[in-house]
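A.B. asks: If it helps, the file is called upload-v6.cif and holds mmCIF, C-alpha atoms:
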data_entry
#
loop_
_atom_site.label_atom_id
_atom_site.label_comp_id
_atom_site.auth_asym_id
_atom_site.auth_seq_id
_atom_site.Cartn_x
_atom_site.Cartn_y
_atom_site.Cartn_z
CA MET A 1 -7.37 6.38 6.04
CA SER A 2 -4.47 8.70 6.51
CA ASP A 3 -4.52 12.38 5.71
CA ALA A 4 -3.46 11.54 2.17
CA SER A 5 -5.15 13.14 -0.79
CA ILE A 6 -8.42 11.57 -1.97
CA PRO A 7 -8.78 11.87 -5.76
CA LEU A 8 -12.53 12.55 -5.71
CA ARG A 9 -14.83 15.50 -6.12
CA VAL A 10 -17.60 15.53 -3.53
CA ALA A 11 -20.76 17.59 -3.00
CA LEU A 12 -21.76 18.10 0.63
CA GLY A 13 -25.06 19.41 1.92
CA GLY A 14 -27.24 19.37 4.97
CA ASP A 15 -30.11 21.10 6.69
CA HIS A 16 -30.05 22.97 9.99
CA ALA A 17 -30.07 19.71 11.99
CA GLY A 18 -27.09 18.42 10.05
CA PHE A 19 -25.27 21.74 9.92
CA PRO A 20 -22.78 21.17 12.77
CA LEU A 21 -21.71 17.77 11.43
CA LYS A 22 -21.64 19.08 7.85
CA GLN A 23 -19.25 21.82 8.95
CA ALA A 24 -17.00 19.31 10.72
CA VAL A 25 -17.00 17.08 7.62
CA ALA A 26 -16.12 20.04 5.39
CA ALA A 27 -13.24 21.06 7.66
CA LYS A 28 -11.86 17.51 7.78
CA PHE A 29 -12.24 16.53 4.12
CA SER A 30 -11.95 19.74 2.12
CA PRO A 31 -8.13 19.74 2.27
CA LEU A 32 -8.00 16.05 1.31
CA LEU A 33 -10.37 15.97 -1.66
CA THR A 34 -9.74 17.10 -5.20
CA GLU A 35 -12.77 19.34 -4.69
CA LEU A 36 -15.50 19.78 -2.08
CA ILE A 37 -18.59 21.67 -3.16
CA ASP A 38 -20.64 23.03 -0.26
CA CYS A 39 -24.31 22.89 -1.25
CA GLY A 40 -25.51 24.49 2.02
CA ALA A 41 -26.96 25.12 4.50
CA HIS A 42 -24.66 27.91 5.49
CA ASP A 43 -26.00 28.42 9.00
CA GLU A 44 -28.31 26.78 11.53
CA SER A 45 -31.46 28.64 10.48
CA SER A 46 -34.43 26.34 9.99
CA CYS A 47 -34.52 25.00 6.44
CA ASP A 48 -35.86 22.04 4.46
CA TYR A 49 -33.78 18.88 3.95
CA PRO A 50 -35.14 18.10 0.44
CA ASP A 51 -33.47 21.25 -0.88
CA PHE A 52 -30.04 19.91 0.06
CA ALA A 53 -30.73 16.39 -1.20
CA ILE A 54 -31.66 17.99 -4.53
CA ALA A 55 -28.61 20.28 -4.64
CA VAL A 56 -26.17 17.45 -3.89
CA SER A 57 -27.93 15.10 -6.32
CA ARG A 58 -27.78 17.69 -9.11
CA SER A 59 -24.04 17.96 -8.62
CA VAL A 60 -23.67 14.17 -8.83
CA LEU A 61 -25.91 13.75 -11.86
CA SER A 62 -24.32 16.62 -13.78
CA GLY A 63 -20.88 15.04 -13.35
CA GLN A 64 -19.63 18.07 -11.45
CA VAL A 65 -18.73 15.66 -8.60
CA ASP A 66 -18.08 11.95 -8.24
CA ARG A 67 -20.09 11.39 -5.04
CA GLY A 68 -22.39 13.19 -2.65
CA ILE A 69 -22.88 13.36 1.11
CA VAL A 70 -26.04 14.71 2.72
CA VAL A 71 -26.62 15.24 6.44
CA CYS A 72 -29.87 15.89 8.27
CA GLY A 73 -30.94 15.12 11.83
CA SER A 74 -31.51 11.40 11.38
CA GLY A 75 -30.36 10.80 7.80
CA VAL A 76 -33.81 9.46 6.94
CA GLY A 77 -35.27 12.56 5.32
CA VAL A 78 -32.34 13.21 3.01
CA SER A 79 -32.23 9.53 2.07
CA VAL A 80 -35.92 9.46 1.17
CA ALA A 81 -35.64 12.71 -0.81
CA ALA A 82 -32.44 11.78 -2.66
CA ASN A 83 -33.81 8.38 -3.66
CA LYS A 84 -36.74 10.03 -5.45
CA ILE A 85 -34.27 11.48 -7.95
CA PRO A 86 -33.62 9.20 -10.94
CA GLY A 87 -29.96 8.21 -11.11
CA ILE A 88 -29.32 8.65 -7.41
CA ARG A 89 -28.63 5.65 -5.22
CA ALA A 90 -28.54 6.95 -1.66
CA ALA A 91 -28.43 5.16 1.67
CA ILE A 92 -28.23 5.99 5.33
CA CYS A 93 -25.04 4.52 6.70
CA HIS A 94 -24.13 4.72 10.34
CA ASP A 95 -21.44 2.03 10.10
CA THR A 96 -18.40 1.59 7.90
CA TYR A 97 -19.43 -1.79 6.48
CA SER A 98 -22.64 -0.45 4.93
CA ALA A 99 -20.82 2.60 3.61
CA HIS A 100 -18.27 0.63 1.59
CA GLN A 101 -20.55 -2.28 0.71
CA GLY A 102 -23.20 0.13 -0.59
CA VAL A 103 -20.68 1.42 -3.12
CA GLU A 104 -19.06 -1.94 -3.91
CA HIS A 105 -22.28 -3.92 -4.45
CA ASP A 106 -24.97 -1.32 -5.19
CA ASP A 107 -23.04 1.53 -6.83
CA MET A 108 -24.29 3.94 -4.15
CA ASN A 109 -23.42 7.49 -5.13
CA VAL A 110 -24.84 9.49 -2.22
CA LEU A 111 -24.13 8.85 1.46
CA CYS A 112 -26.73 10.00 3.99
CA ILE A 113 -25.89 10.42 7.65
CA GLY A 114 -27.72 11.65 10.73
CA GLY A 115 -26.05 14.53 12.50
CA ARG A 116 -28.11 13.86 15.62
CA ILE A 117 -27.39 10.12 15.52
CA ILE A 118 -23.61 9.79 15.23
CA GLY A 119 -20.65 11.87 16.32
CA SER A 120 -18.06 13.42 14.08
CA GLU A 121 -15.33 10.79 14.60
CA LEU A 122 -17.63 7.95 13.55
CA ALA A 123 -18.94 10.06 10.68
CA PHE A 124 -15.37 10.60 9.48
CA GLU A 125 -14.72 6.83 9.51
CA ILE A 126 -17.95 6.16 7.61
CA ILE A 127 -17.16 8.84 5.03
CA GLU A 128 -13.64 7.46 4.58
CA ALA A 129 -15.09 3.99 3.93
CA PHE A 130 -17.58 5.46 1.42
CA LEU A 131 -14.95 7.47 -0.42
CA ALA A 132 -12.39 4.64 -0.52
CA ALA A 133 -14.83 2.12 -2.02
CA SER A 134 -15.32 1.37 -5.71
CA TYR A 135 -18.19 -0.36 -7.46
CA SER A 136 -17.37 -4.00 -8.16
CA PRO A 137 -19.36 -4.96 -11.27
CA GLN A 138 -19.31 -8.68 -10.63
CA ASP A 139 -22.13 -10.52 -12.40
CA ARG A 140 -24.37 -10.73 -9.34
CA HIS A 141 -23.89 -7.05 -8.49
CA ALA A 142 -24.47 -5.90 -12.07
CA ARG A 143 -27.58 -8.12 -12.38
CA ARG A 144 -29.10 -6.73 -9.19
CA LEU A 145 -28.22 -3.15 -10.03
CA GLU A 146 -29.79 -3.54 -13.46
CA LYS A 147 -33.02 -4.66 -11.77
CA VAL A 148 -32.96 -1.55 -9.59
CA LEU A 149 -32.34 0.64 -12.64
CA GLU A 150 -35.23 -1.06 -14.44
CA ILE A 151 -37.54 -0.19 -11.55
CA GLU A 152 -36.35 3.39 -11.81
CA ARG A 153 -36.90 3.50 -15.58
CA LYS A 154 -40.38 2.05 -15.45
CA GLY A 155 -41.55 3.30 -12.08
CA LEU A 156 -44.66 1.54 -10.86
CA GLU A 157 -45.09 -0.19 -14.23
CA ALA A 158 -42.12 -2.43 -13.27
CA LEU A 159 -44.05 -3.73 -10.28
CA LYS A 160 -47.06 -5.04 -12.25
#
Would you encode the structure as structure tokens?
C.D. replies:
Amino acid sequence: MSDASIPLRVALGGDHAGFPLKQAVAAKFSPLLTELIDCGAHDESSCDYPDFAIAVSRSVLSGQVDRGIVVCGSGVGVSVAANKIPGIRAAICHDTYSAHQGVEHDDMNVLCIGGRIIGSELAFEIIEAFLAASYSPQDRHARRLEKVLEIERKGLEALK
């Protein structure tokens, strides 16, 4: 992706472990996006990753932004927390293929990355792949997504 404008609004958040990468992502993408909302953290003081998964998810679900990105040390915590929120489809992606395929096939709306796992240059490539992708509602994708949404609607009842 070039330094061309990206017509998306994005919420970005991360805990203390993700803070350095979150700052690098904000510096790189803020000038390129229609809007970048910084959901914190605002320094490297110890804090709790679920707070940032919630803040980014709220921005996505309210329609304030089109997509969300959350960074913690490994990406695992923010992924687990974000996926507890109905309407959020989050995944850890440490490669470009998963980042675009997650959007194209699964309508992923929140990208989770580990600030202690990957460097900024790879993170930038992954984020570019995530932001450039669009959901492809082919029959098989729509059918599978509907099954995921049904699980979400019914919770454990869907598993009986």
A.B. asks: Do you know which residues the PyMOL selection byres ((chain A and resi 14) around 12) returns on this file, as a PyMOL selection string?
C.D. replies: chain A and resi 11-13+15-26+38-56+68-75+77-79+82+111-115
A.B. asks: Nearest to Val65 of chain A among A:Leu145, A:Ala132, A:Leu33, A:Val103, with distances taken over all atoms listed in the file: which residue is it?
C.D. replies: A:Leu33
A.B. asks: Mind pulling up the distance from atom CA of Glu121 of chain A to atom CA of Tyr135 of chain A?
C.D. replies: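 Value for the atom CA of Tyr135 of chain A-atom CA of Glu121 of chain A distance: 24.9 Å.
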A.B. asks: To test your reading of the syntax: which residues would the PyMOL selection byres ((chain A and resi 67) around 6) return for the file shown? Reply as number ranges by chain.
C.D. replies: A: 10, 60, 65-66, 68, 109-110
A.B. asks: For the file shown, report as a list of chain:residue names the outcome of the PyMOL selection byres ((chain A and resi 101) around 10) at residue level.
C.D. replies: A:Thr96, A:Tyr97, A:Ser98, A:Ala99, A:His100, A:Gly102, A:Val103, A:Glu104, A:His105, A:Asp106, A:Asp107, A:Met108, A:Ala129, A:Phe130, A:Ala133, A:Ser134, A:Tyr135, A:Ser136
A.B. asks: When distances are computed from all atoms listed in the file, which of A:Gly119, A:Leu131, A:Gly87, A:Val76 shows the smallest separation from Ile151 of chain A?
C.D. replies: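 The answer is A:Gly87, which sits nearest to Ile151 of chain A.
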A.B. asks: Pick the closest to Ile127 of chain A from A:Ile6, A:Val148, A:Ala81, A:Ile88: which is it, counting all atoms listed in the file?
C.D. replies: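 When distances to Ile127 of chain A are compared using all atoms listed in the file, the smallest one comes from A:Ile6.
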A.B. asks: For atom CA of Ser57 of chain A and atom CA of Ile85 of chain A, quote the distance in Å rounded to one decimal.
C.D. replies: 7.5 Å
